[in-house]
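Below: final.cif (mmCIF, C-alpha atoms)
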data_data
#
loop_
_atom_site.label_atom_id
_atom_site.label_comp_id
_atom_site.auth_asym_id
_atom_site.auth_seq_id
_atom_site.Cartn_x
_atom_site.Cartn_y
_atom_site.Cartn_z
CA MET A 1 166.18 37.08 72.10
CA SER A 2 163.09 37.31 69.94
CA GLU A 3 163.32 35.15 66.84
CA THR A 4 160.56 36.96 65.08
CA THR A 5 162.24 39.81 63.26
CA ALA A 6 165.35 38.15 61.88
CA ASP A 7 167.59 35.24 61.23
CA PRO A 8 168.85 34.27 64.67
CA ASP A 9 172.35 33.72 63.26
CA CYS A 10 172.46 37.43 62.79
CA HIS A 11 172.28 38.41 66.41
CA ASP A 12 172.61 35.32 68.51
CA GLY A 13 175.25 35.47 71.23
CA HIS A 14 176.39 31.97 70.23
CA ALA A 15 177.56 33.16 66.83
CA PRO A 16 180.29 35.58 67.91
CA GLY A 17 181.38 36.41 64.40
CA HIS A 18 178.11 38.16 63.61
CA GLY A 19 177.12 41.76 63.88
CA TYR A 20 177.93 43.99 66.82
CA ILE A 21 178.69 41.05 69.09
CA GLN A 22 182.43 41.23 68.66
CA ASP A 23 182.37 44.86 69.87
CA LYS A 24 179.80 44.12 72.53
CA ASP A 25 181.90 45.33 75.47
CA LYS A 26 182.66 48.58 73.69
CA TYR A 27 178.94 49.16 73.02
CA LEU A 28 177.98 48.27 76.58
CA ALA A 29 180.51 50.77 77.91
CA ARG A 30 179.25 53.51 75.60
CA LEU A 31 175.63 52.81 76.54
CA LYS A 32 176.52 52.84 80.24
CA ARG A 33 177.98 56.30 79.69
CA ILE A 34 174.84 57.35 77.78
CA GLU A 35 172.66 56.16 80.66
CA GLY A 36 174.82 58.29 82.97
CA GLN A 37 174.36 61.30 80.67
CA ALA A 38 170.57 60.84 80.80
CA ARG A 39 170.71 60.62 84.60
CA GLY A 40 172.85 63.77 84.65
CA ILE A 41 170.27 65.70 82.63
CA HIS A 42 167.54 64.58 85.02
CA ARG A 43 169.65 65.86 87.92
CA MET A 44 170.27 69.20 86.17
CA VAL A 45 166.52 69.79 85.88
CA ASP A 46 165.99 68.66 89.46
CA GLU A 47 168.61 71.18 90.62
CA ASN A 48 167.03 73.97 88.53
CA GLN A 49 170.16 74.40 86.46
CA TYR A 50 170.24 76.83 83.58
CA CYS A 51 168.15 75.81 80.53
CA ILE A 52 170.93 76.48 78.03
CA ASP A 53 173.35 74.26 79.94
CA ILE A 54 170.74 71.48 79.93
CA LEU A 55 170.22 71.91 76.18
CA THR A 56 173.97 71.59 75.65
CA GLN A 57 173.93 68.26 77.48
CA ILE A 58 170.93 67.07 75.45
CA SER A 59 172.78 67.87 72.21
CA ALA A 60 175.81 65.93 73.48
CA LEU A 61 173.64 62.95 74.41
CA THR A 62 171.88 63.01 71.03
CA SER A 63 175.26 62.96 69.26
CA ALA A 64 176.48 60.07 71.43
CA LEU A 65 173.32 58.10 70.57
CA GLN A 66 173.72 58.84 66.85
CA ASN A 67 177.28 57.58 66.97
CA VAL A 68 176.19 54.31 68.60
CA ALA A 69 173.46 53.95 65.97
CA ILE A 70 175.90 54.59 63.12
CA GLY A 71 178.28 51.98 64.57
CA LEU A 72 175.54 49.37 65.00
CA LEU A 73 174.29 50.00 61.49
CA ASP A 74 177.78 49.63 60.06
CA ASP A 75 178.21 46.30 61.89
CA HIS A 76 174.77 45.23 60.68
CA LEU A 77 175.59 46.02 57.05
CA ARG A 78 178.95 44.24 57.23
CA HIS A 79 177.51 41.07 58.74
CA CYS A 80 173.78 40.43 58.54
CA VAL A 81 173.22 42.31 55.29
CA VAL A 82 176.30 40.87 53.57
CA ASP A 83 175.29 37.35 54.61
CA ALA A 84 171.75 37.91 53.38
CA ALA A 85 173.06 39.32 50.09
CA LYS A 86 175.18 36.22 49.54
CA SER A 87 172.20 33.92 50.19
CA GLY A 88 169.95 36.00 47.94
CA GLY A 89 166.22 35.44 47.45
CA PRO A 90 163.28 37.15 49.15
CA ALA A 91 164.98 36.95 52.57
CA ALA A 92 167.79 39.14 51.22
CA ASP A 93 165.28 41.64 49.83
CA ALA A 94 163.49 41.77 53.17
CA LYS A 95 166.83 42.37 54.92
CA MET A 96 167.60 45.31 52.61
CA ALA A 97 164.15 46.82 53.08
CA GLU A 98 164.53 46.49 56.84
CA ALA A 99 167.97 48.14 56.84
CA SER A 100 166.73 50.98 54.63
CA ALA A 101 163.76 51.61 56.91
CA ALA A 102 166.10 51.77 59.93
CA ILE A 103 168.36 54.23 58.07
CA ALA A 104 165.34 56.37 57.16
CA ARG A 105 164.24 56.50 60.81
CA LEU A 106 167.73 57.58 61.88
CA VAL A 107 168.07 60.24 59.18
CA LYS A 108 164.65 61.68 60.04
CA SER A 109 165.02 61.53 63.82
CA MET B 110 173.49 76.19 90.45
CA SER B 111 176.38 77.86 88.62
CA GLU B 112 175.99 81.60 88.45
CA THR B 113 178.46 81.93 85.65
CA THR B 114 176.49 81.43 82.49
CA ALA B 115 173.30 83.32 83.24
CA ASP B 116 171.17 85.55 85.30
CA PRO B 117 170.23 83.38 88.27
CA ASP B 118 166.69 84.77 88.16
CA CYS B 119 166.30 82.87 84.97
CA HIS B 120 166.66 79.41 86.39
CA ASP B 121 166.69 79.67 90.13
CA GLY B 122 164.26 77.44 91.97
CA HIS B 123 163.29 80.36 94.14
CA ALA B 124 161.78 82.22 91.21
CA PRO B 125 159.02 79.78 90.25
CA GLY B 126 157.62 82.01 87.54
CA HIS B 127 160.71 81.58 85.35
CA GLY B 128 161.55 79.12 82.62
CA TYR B 129 160.88 75.41 82.80
CA ILE B 130 160.44 75.44 86.56
CA GLN B 131 156.66 75.54 86.46
CA ASP B 132 156.67 72.34 84.40
CA LYS B 133 159.50 70.82 86.38
CA ASP B 134 157.62 67.68 87.45
CA LYS B 135 156.57 67.01 83.87
CA TYR B 136 160.20 67.31 82.69
CA LEU B 137 161.48 65.14 85.53
CA ALA B 138 158.97 62.42 84.62
CA ARG B 139 159.93 62.57 80.93
CA LEU B 140 163.65 62.43 81.77
CA LYS B 141 163.09 59.50 84.13
CA ARG B 142 161.45 57.70 81.20
CA ILE B 143 164.37 58.65 78.93
CA GLU B 144 166.82 57.24 81.47
CA GLY B 145 164.77 54.01 81.43
CA GLN B 146 164.91 53.94 77.62
CA ALA B 147 168.73 54.29 77.75
CA ARG B 148 168.92 51.46 80.29
CA GLY B 149 166.65 49.35 78.06
CA ILE B 150 168.98 49.83 75.08
CA HIS B 151 171.94 48.76 77.20
CA ARG B 152 170.03 45.62 78.19
CA MET B 153 169.11 44.87 74.55
CA VAL B 154 172.80 44.87 73.58
CA ASP B 155 173.68 42.83 76.65
CA GLU B 156 171.05 40.23 75.62
CA ASN B 157 172.34 40.18 72.02
CA GLN B 158 169.03 41.40 70.66
CA TYR B 159 168.61 42.13 66.99
CA CYS B 160 170.50 45.23 65.72
CA ILE B 161 167.51 46.65 63.88
CA ASP B 162 165.33 46.46 67.00
CA ILE B 163 168.03 48.30 68.93
CA LEU B 164 168.24 50.97 66.22
CA THR B 165 164.46 51.45 66.46
CA GLN B 166 164.79 52.11 70.19
CA ILE B 167 167.67 54.54 69.60
CA SER B 168 165.52 56.50 67.12
CA ALA B 169 162.69 56.60 69.67
CA LEU B 170 165.05 57.83 72.38
CA THR B 171 166.51 60.49 70.10
CA SER B 172 163.00 61.76 69.32
CA ALA B 173 162.09 61.84 73.01
CA LEU B 174 165.23 63.86 73.74
CA GLN B 175 164.50 66.28 70.90
CA ASN B 176 161.01 66.85 72.26
CA VAL B 177 162.36 67.65 75.71
CA ALA B 178 164.88 70.04 74.14
CA ILE B 179 162.19 71.76 72.08
CA GLY B 180 160.04 72.16 75.20
CA LEU B 181 162.90 73.57 77.27
CA LEU B 182 163.83 75.96 74.49
CA ASP B 183 160.24 77.17 74.20
CA ASP B 184 160.12 77.81 77.95
CA HIS B 185 163.48 79.55 77.75
CA LEU B 186 162.32 81.87 74.95
CA ARG B 187 159.09 82.71 76.73
CA HIS B 188 160.76 83.58 80.02
CA CYS B 189 164.50 84.26 80.08
CA VAL B 190 164.70 85.65 76.55
CA VAL B 191 161.56 87.76 76.85
CA ASP B 192 162.80 89.19 80.16
CA ALA B 193 166.19 89.95 78.67
CA ALA B 194 164.56 91.57 75.65
CA LYS B 195 162.52 93.85 77.90
CA SER B 196 165.65 94.89 79.83
CA GLY B 197 167.59 95.45 76.62
CA GLY B 198 171.27 96.35 76.42
CA PRO B 199 174.27 94.08 75.90
CA ALA B 200 172.88 91.45 78.32
CA ALA B 201 169.89 91.01 76.01
CA ASP B 202 172.17 90.65 73.00
CA ALA B 203 174.22 88.02 74.85
CA LYS B 204 171.02 86.15 75.73
CA MET B 205 169.95 86.07 72.08
CA ALA B 206 173.36 84.90 70.91
CA GLU B 207 173.31 82.16 73.53
CA ALA B 208 169.81 81.00 72.53
CA SER B 209 170.76 80.99 68.84
CA ALA B 210 173.88 78.94 69.54
CA ALA B 211 171.78 76.40 71.46
CA ILE B 212 169.29 76.21 68.58
CA ALA B 213 172.13 75.70 66.09
CA ARG B 214 173.54 72.83 68.17
CA LEU B 215 170.11 71.18 68.28
CA VAL B 216 169.44 71.61 64.56
CA LYS B 217 172.85 70.19 63.69
CA SER B 218 172.80 67.31 66.19
CA MET C 219 181.58 60.08 35.12
CA SER C 220 184.66 59.75 37.31
CA GLU C 221 185.91 56.19 37.52
CA THR C 222 187.91 56.89 40.62
CA THR C 223 185.49 56.33 43.42
CA ALA C 224 183.73 53.15 42.33
CA ASP C 225 183.20 50.24 40.08
CA PRO C 226 181.76 51.78 36.91
CA ASP C 227 179.29 48.90 36.63
CA CYS C 228 177.66 50.33 39.68
CA HIS C 229 176.62 53.62 38.16
CA ASP C 230 177.25 53.51 34.47
CA GLY C 231 174.31 54.41 32.26
CA HIS C 232 175.09 51.44 30.07
CA ALA C 233 174.21 49.00 32.83
CA PRO C 234 170.54 49.87 33.32
CA GLY C 235 169.97 47.16 35.90
CA HIS C 236 172.20 48.89 38.45
CA GLY C 237 171.40 51.32 41.20
CA TYR C 238 169.10 54.29 40.82
CA ILE C 239 169.22 54.19 37.04
CA GLN C 240 165.94 52.36 36.67
CA ASP C 241 164.19 55.11 38.64
CA LYS C 242 166.21 57.84 36.99
CA ASP C 243 163.22 59.75 35.60
CA LYS C 244 161.53 59.73 38.98
CA TYR C 245 164.67 61.14 40.63
CA LEU C 246 165.14 63.75 37.91
CA ALA C 247 161.56 64.94 38.41
CA ARG C 248 161.99 65.14 42.19
CA LEU C 249 165.27 67.03 41.84
CA LYS C 250 163.70 69.43 39.36
CA ARG C 251 161.06 70.16 41.97
CA ILE C 252 163.75 70.61 44.63
CA GLU C 253 165.55 73.09 42.40
CA GLY C 254 162.25 74.97 42.06
CA GLN C 255 161.84 74.99 45.84
CA ALA C 256 165.35 76.47 46.23
CA ARG C 257 164.51 79.14 43.64
CA GLY C 258 161.26 79.87 45.50
CA ILE C 259 163.13 80.44 48.78
CA HIS C 260 165.49 82.84 47.01
CA ARG C 261 162.48 84.74 45.68
CA MET C 262 160.85 84.85 49.14
CA VAL C 263 163.96 86.56 50.57
CA ASP C 264 164.16 88.88 47.58
CA GLU C 265 160.52 89.89 48.17
CA ASN C 266 161.15 90.44 51.90
CA GLN C 267 158.67 87.77 52.87
CA TYR C 268 158.16 86.81 56.47
CA CYS C 269 161.09 84.92 58.08
CA ILE C 270 158.90 82.20 59.57
CA ASP C 271 157.31 81.45 56.18
CA ILE C 272 160.79 81.15 54.69
CA LEU C 273 161.86 78.80 57.48
CA THR C 274 158.83 76.62 56.78
CA GLN C 275 159.90 76.32 53.14
CA ILE C 276 163.48 75.49 54.18
CA SER C 277 162.20 72.68 56.43
CA ALA C 278 160.12 71.34 53.53
CA LEU C 279 163.10 71.46 51.18
CA THR C 280 165.33 69.72 53.73
CA SER C 281 162.76 66.93 54.08
CA ALA C 282 162.48 66.55 50.30
CA LEU C 283 166.28 66.26 50.06
CA GLN C 284 166.41 63.69 52.85
CA ASN C 285 163.79 61.60 51.08
CA VAL C 286 165.81 61.64 47.84
CA ALA C 287 168.92 60.66 49.82
CA ILE C 288 167.11 57.81 51.56
CA GLY C 289 165.83 56.55 48.21
CA LEU C 290 169.26 56.71 46.55
CA LEU C 291 170.85 54.95 49.52
CA ASP C 292 168.24 52.20 49.39
CA ASP C 293 168.91 51.68 45.67
CA HIS C 294 172.64 51.73 46.35
CA LEU C 295 172.36 49.05 49.05
CA ARG C 296 170.14 46.86 46.89
CA HIS C 297 172.44 46.98 43.87
CA CYS C 298 176.04 48.11 44.32
CA VAL C 299 176.40 46.87 47.89
CA VAL C 300 174.68 43.54 47.25
CA ASP C 301 176.86 42.95 44.17
CA ALA C 302 179.99 43.82 46.13
CA ALA C 303 178.93 41.54 48.99
CA LYS C 304 178.51 38.65 46.55
CA SER C 305 181.99 39.24 45.07
CA GLY C 306 183.54 39.58 48.53
CA GLY C 307 187.14 40.53 49.21
CA PRO C 308 188.63 43.92 50.06
CA ALA C 309 186.49 45.64 47.39
CA ALA C 310 183.38 44.54 49.29
CA ASP C 311 184.80 45.87 52.56
CA ALA C 312 185.61 49.18 50.91
CA LYS C 313 182.05 49.37 49.56
CA MET C 314 180.59 48.81 53.01
CA ALA C 315 182.88 51.41 54.60
CA GLU C 316 181.90 53.88 51.90
CA ALA C 317 178.16 53.25 52.40
CA SER C 318 178.51 53.57 56.17
CA ALA C 319 180.35 56.86 55.83
CA ALA C 320 177.59 58.19 53.57
CA ILE C 321 174.95 57.10 56.09
CA ALA C 322 176.87 58.80 58.92
CA ARG C 323 177.02 62.06 56.94
CA LEU C 324 173.26 61.92 56.33
CA VAL C 325 172.40 61.11 59.95
CA LYS C 326 174.61 63.93 61.21
CA SER C 327 173.53 66.53 58.63
CA MET D 328 154.35 90.23 50.82
CA SER D 329 151.54 88.47 52.60
CA GLU D 330 150.24 90.42 55.56
CA THR D 331 148.44 87.46 57.00
CA THR D 332 150.99 85.70 59.14
CA ALA D 333 152.75 88.57 60.84
CA ASP D 334 153.24 92.16 61.64
CA PRO D 335 154.43 93.69 58.36
CA ASP D 336 156.95 95.81 60.27
CA CYS D 337 158.75 92.62 60.97
CA HIS D 338 159.67 91.79 57.42
CA ASP D 339 158.81 94.74 55.25
CA GLY D 340 161.58 95.97 52.99
CA HIS D 341 160.71 99.52 53.98
CA ALA D 342 161.81 98.93 57.57
CA PRO D 343 165.46 98.15 57.00
CA GLY D 344 166.27 97.78 60.68
CA HIS D 345 164.15 94.65 60.98
CA GLY D 346 165.02 91.00 60.66
CA TYR D 347 167.15 89.54 57.92
CA ILE D 348 166.74 92.55 55.67
CA GLN D 349 170.03 94.13 56.58
CA ASP D 350 171.83 90.95 55.49
CA LYS D 351 169.58 90.47 52.50
CA ASP D 352 172.36 90.48 49.90
CA LYS D 353 174.32 87.90 51.87
CA TYR D 354 171.26 85.63 52.06
CA LEU D 355 170.45 86.09 48.38
CA ALA D 356 174.02 85.10 47.47
CA ARG D 357 173.89 82.02 49.70
CA LEU D 358 170.53 80.98 48.28
CA LYS D 359 171.80 81.49 44.73
CA ARG D 360 174.62 79.09 45.56
CA ILE D 361 172.13 76.63 47.09
CA GLU D 362 170.04 76.76 43.91
CA GLY D 363 173.22 75.97 41.96
CA GLN D 364 173.94 73.03 44.27
CA ALA D 365 170.43 71.67 43.64
CA ARG D 366 170.94 72.04 39.90
CA GLY D 367 174.30 70.27 40.21
CA ILE D 368 172.69 67.29 41.95
CA HIS D 369 170.10 67.07 39.19
CA ARG D 370 172.92 67.03 36.64
CA MET D 371 174.82 64.33 38.55
CA VAL D 372 171.78 62.02 38.38
CA ASP D 373 171.25 62.89 34.73
CA GLU D 374 174.88 61.93 33.99
CA ASN D 375 174.54 58.67 35.96
CA GLN D 376 177.19 59.70 38.43
CA TYR D 377 178.04 57.50 41.37
CA CYS D 378 175.33 57.33 44.09
CA ILE D 379 177.74 57.94 46.95
CA ASP D 380 179.07 61.11 45.30
CA ILE D 381 175.48 62.32 44.88
CA LEU D 382 174.73 61.57 48.55
CA THR D 383 177.78 63.61 49.55
CA GLN D 384 176.42 66.59 47.62
CA ILE D 385 172.98 66.15 49.20
CA SER D 386 174.56 66.22 52.69
CA ALA D 387 176.44 69.39 51.75
CA LEU D 388 173.27 71.03 50.44
CA THR D 389 171.32 70.05 53.57
CA SER D 390 174.03 71.62 55.76
CA ALA D 391 174.00 74.81 53.69
CA LEU D 392 170.21 75.04 54.07
CA GLN D 393 170.42 74.45 57.83
CA ASN D 394 172.95 77.24 58.13
CA VAL D 395 170.68 79.66 56.26
CA ALA D 396 167.78 78.61 58.50
CA ILE D 397 169.85 79.10 61.67
CA GLY D 398 170.89 82.55 60.45
CA LEU D 399 167.34 83.60 59.59
CA LEU D 400 166.09 82.33 62.92
CA ASP D 401 168.78 84.26 64.78
CA ASP D 402 167.82 87.45 62.92
CA HIS D 403 164.16 86.75 63.63
CA LEU D 404 164.78 86.33 67.38
CA ARG D 405 166.90 89.47 67.56
CA HIS D 406 164.36 91.64 65.78
CA CYS D 407 160.77 90.44 65.46
CA VAL D 408 160.75 88.43 68.68
CA VAL D 409 162.55 91.07 70.74
CA ASP D 410 160.16 93.74 69.47
CA ALA D 411 157.16 91.56 70.26
CA ALA D 412 158.55 90.81 73.72
CA LYS D 413 158.88 94.52 74.44
CA SER D 414 155.29 95.18 73.33
CA GLY D 415 154.00 92.22 75.35
CA GLY D 416 150.43 90.96 75.36
CA PRO D 417 148.88 88.15 73.34
CA ALA D 418 150.71 89.21 70.16
CA ALA D 419 154.01 88.54 71.94
CA ASP D 420 152.80 85.12 73.07
CA ALA D 421 151.72 84.30 69.50
CA LYS D 422 155.16 85.37 68.23
CA MET D 423 156.90 83.07 70.70
CA ALA D 424 154.65 80.13 69.85
CA GLU D 425 155.32 80.73 66.15
CA ALA D 426 159.10 80.88 66.65
CA SER D 427 159.05 77.72 68.78
CA ALA D 428 157.05 75.85 66.15
CA ALA D 429 159.56 76.88 63.48
CA ILE D 430 162.45 75.72 65.68
CA ALA D 431 160.70 72.37 66.27
CA ARG D 432 160.28 71.87 62.51
CA LEU D 433 163.96 72.59 61.92
CA VAL D 434 165.15 70.31 64.74
CA LYS D 435 162.94 67.48 63.50
CA SER D 436 163.72 67.89 59.79
#
Turn this file's structure into structure tokens for me.
Amino acid sequence: MSETTADPDCHDGHAPGHGYIQDKDKYLARLKRIEGQARGIHRMVDENQYCIDILTQISALTSALQNVAIGLLDDHLRHCVVDAAKSGGPAADAKMAEASAAIARLVKS
Amino acid sequence: MSETTADPDCHDGHAPGHGYIQDKDKYLARLKRIEGQARGIHRMVDENQYCIDILTQISALTSALQNVAIGLLDDHLRHCVVDAAKSGGPAADAKMAEASAAIARLVKS
Amino acid sequence: MSETTADPDCHDGHAPGHGYIQDKDKYLARLKRIEGQARGIHRMVDENQYCIDILTQISALTSALQNVAIGLLDDHLRHCVVDAAKSGGPAADAKMAEASAAIARLVKS
Amino acid sequence: MSETTADPDCHDGHAPGHGYIQDKDKYLARLKRIEGQARGIHRMVDENQYCIDILTQISALTSALQNVAIGLLDDHLRHCVVDAAKSGGPAADAKMAEASAAIARLVKS
């Protein structure tokens, strides 16, 4: 719960109307599944399974991660960024720059 | 250890000269780390951490997965595909088609 | 200049304070270069140049396109989306959904 | 027709059995279309069209480029790489390393 990178209202569990928090259970379930996929890939290598089958699972895991990222970003835009935009000022500009940098990392990764 | 999708020589633990097997410990260590990264992202959501910080970790995990995939594919080309190419015939063609399909999935994911 | 998909204020040339318009010359120059890169790849194939060299140019062109997209998206967030957020209402929600869908297409392409 | 990066047999127009050459007309047509798409995006910016519509066209162009790259890579594996694999030796290893590096650039771009 670091307070360094952002307005705490934007991600604090005590402000349930903000960001991804309202879908938290859905995200936790998806990430649990993703963790299981990662464990499954580890097991496939351990069992000397066929490279191509492992690559297929890596592509599936990458897509699952991208979908979580796209969902989190959407929630972030609809809550933190909208709130910052309404307040205006340099904090809003910083919020936009931060969101754009996160988008750039996702597009390039 | 499904025998359906490929020549077992190409990924069987008893043929240590083939594919990723010679780097198996390295891959297992990287995948263990990836599993830990997935678990860390789950924990970040559970602790209501800041969306942008979570997105940064997702980008890092995606890159780590891509690097494992690129490594596995390189090993696959150097061993299974080269062996198939030397043997020739329809099995070699099938091997190429399979490798190309895996590359396409990675490029598009 | 279709008026169907968006508030014309958000992309109309007569409102120079909005969106990418203030950087229009910069974008036009980058897109001119991109067009030249595409023409160069066509010429490489026509001259039977080496596949790997062509692939290198395609990767470079893809990166250049992604960078233009990231820039346009950043401008869009800072102008159209911020303005919509300030106005609020269903139009703001539609704007966010539209931006998120564009981001998803970029991340997945 | 640089002879520096590769065996000329692997991409020379006089060896029509090799690489992408047999599909050359198909690739030239696709790249012509890609050049037109790039020109269209330039025109959209010039006409101050809506950012989101431009981003949609950029995603479409990126996908078209990826598909050309995947096709060229498939042709390259089936011809140049197979031939190198059959010959063996350090030239074959260099060919594999080169193909893997090209794949890595595509996956990461």
Chain and number of each residue from the PyMOL selection byres ((chain A) within 8 of (chain C)), as a PyMOL selection string: chain A and resi 66+70+73-74+77-78+82-83+85-86+93+96-97+100+103-104+106-108
Distance cut-off 9 Å, centre (176.0, 45.9, 74.4) in file coordinates, counting all atoms listed in the file: which residues qualify? Return them as a JSON list (two decimals) with C-alpha atoms, keeping the file's coordinate frame.
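Result file follows (result_1.json):
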[["chain", "number", "residue", "atom", "x", "y", "z"],
["A", 20, "TYR", "CA", 177.93, 43.99, 66.82],
["A", 21, "ILE", "CA", 178.69, 41.05, 69.09],
["A", 23, "ASP", "CA", 182.37, 44.86, 69.87],
["A", 24, "LYS", "CA", 179.80, 44.12, 72.53],
["A", 25, "ASP", "CA", 181.90, 45.33, 75.47],
["A", 26, "LYS", "CA", 182.66, 48.58, 73.69],
["A", 27, "TYR", "CA", 178.94, 49.16, 73.02],
["A", 28, "LEU", "CA", 177.98, 48.27, 76.58],
["A", 29, "ALA", "CA", 180.51, 50.77, 77.91],
["A", 30, "ARG", "CA", 179.25, 53.51, 75.60],
["A", 31, "LEU", "CA", 175.63, 52.81, 76.54],
["B", 150, "ILE", "CA", 168.98, 49.83, 75.08],
["B", 151, "HIS", "CA", 171.94, 48.76, 77.20],
["B", 152, "ARG", "CA", 170.03, 45.62, 78.19],
["B", 153, "MET", "CA", 169.11, 44.87, 74.55],
["B", 154, "VAL", "CA", 172.80, 44.87, 73.58],
["B", 155, "ASP", "CA", 173.68, 42.83, 76.65],
["B", 156, "GLU", "CA", 171.05, 40.23, 75.62],
["B", 157, "ASN", "CA", 172.34, 40.18, 72.02]]
Running the PyMOL selection byres ((chain D and resi 365) around 12) on this model by hand, what would come out? Give it as a PDB file with C-alpha atoms, keeping the file's coordinate frame.
ATOM      1  CA  LEU C 246     165.140  63.750  37.910  1.00  0.00           C
ATOM      2  CA  ARG C 248     161.990  65.140  42.190  1.00  0.00           C
ATOM      3  CA  LEU C 249     165.270  67.030  41.840  1.00  0.00           C
ATOM      4  CA  LYS C 250     163.700  69.430  39.360  1.00  0.00           C
ATOM      5  CA  ARG C 251     161.060  70.160  41.970  1.00  0.00           C
ATOM      6  CA  ILE C 252     163.750  70.610  44.630  1.00  0.00           C
ATOM      7  CA  GLU C 253     165.550  73.090  42.400  1.00  0.00           C
ATOM      8  CA  GLY C 254     162.250  74.970  42.060  1.00  0.00           C
ATOM      9  CA  GLN C 255     161.840  74.990  45.840  1.00  0.00           C
ATOM     10  CA  ALA C 256     165.350  76.470  46.230  1.00  0.00           C
ATOM     11  CA  ARG C 257     164.510  79.140  43.640  1.00  0.00           C
ATOM     12  CA  LEU C 279     163.100  71.460  51.180  1.00  0.00           C
ATOM     13  CA  THR C 280     165.330  69.720  53.730  1.00  0.00           C
ATOM     14  CA  ALA C 282     162.480  66.550  50.300  1.00  0.00           C
ATOM     15  CA  LEU C 283     166.280  66.260  50.060  1.00  0.00           C
ATOM     16  CA  VAL C 286     165.810  61.640  47.840  1.00  0.00           C
TER      17      VAL C 286
ATOM     18  CA  LEU D 358     170.530  80.980  48.280  1.00  0.00           C
ATOM     19  CA  LYS D 359     171.800  81.490  44.730  1.00  0.00           C
ATOM     20  CA  ARG D 360     174.620  79.090  45.560  1.00  0.00           C
ATOM     21  CA  ILE D 361     172.130  76.630  47.090  1.00  0.00           C
ATOM     22  CA  GLU D 362     170.040  76.760  43.910  1.00  0.00           C
ATOM     23  CA  GLY D 363     173.220  75.970  41.960  1.00  0.00           C
ATOM     24  CA  GLN D 364     173.940  73.030  44.270  1.00  0.00           C
ATOM     25  CA  ARG D 366     170.940  72.040  39.900  1.00  0.00           C
ATOM     26  CA  GLY D 367     174.300  70.270  40.210  1.00  0.00           C
ATOM     27  CA  ILE D 368     172.690  67.290  41.950  1.00  0.00           C
ATOM     28  CA  HIS D 369     170.100  67.070  39.190  1.00  0.00           C
ATOM     29  CA  ARG D 370     172.920  67.030  36.640  1.00  0.00           C
ATOM     30  CA  MET D 371     174.820  64.330  38.550  1.00  0.00           C
ATOM     31  CA  VAL D 372     171.780  62.020  38.380  1.00  0.00           C
ATOM     32  CA  ILE D 381     175.480  62.320  44.880  1.00  0.00           C
ATOM     33  CA  GLN D 384     176.420  66.590  47.620  1.00  0.00           C
ATOM     34  CA  ILE D 385     172.980  66.150  49.200  1.00  0.00           C
ATOM     35  CA  SER D 386     174.560  66.220  52.690  1.00  0.00           C
ATOM     36  CA  ALA D 387     176.440  69.390  51.750  1.00  0.00           C
ATOM     37  CA  LEU D 388     173.270  71.030  50.440  1.00  0.00           C
ATOM     38  CA  THR D 389     171.320  70.050  53.570  1.00  0.00           C
ATOM     39  CA  ALA D 391     174.000  74.810  53.690  1.00  0.00           C
ATOM     40  CA  LEU D 392     170.210  75.040  54.070  1.00  0.00           C
TER      41      LEU D 392
END
Hey, can you check how far CA of Asp53 (chain A) sits from CA of Leu181 (chain B)?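 Computed distance, CA of Asp53 (chain A) to CA of Leu181 (chain B), equals 10.8 Å.
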Å distance separating CA of Cys378 (chain D) from CA of Ile161 (chain B), one decimal place: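 About the pair CA of Cys378 (chain D) and CA of Ile161 (chain B): they are 23.8 Å apart.
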Separation of CA of Tyr159 (chain B) and CA of Gly89 (chain A), in Å? 20.8 Å
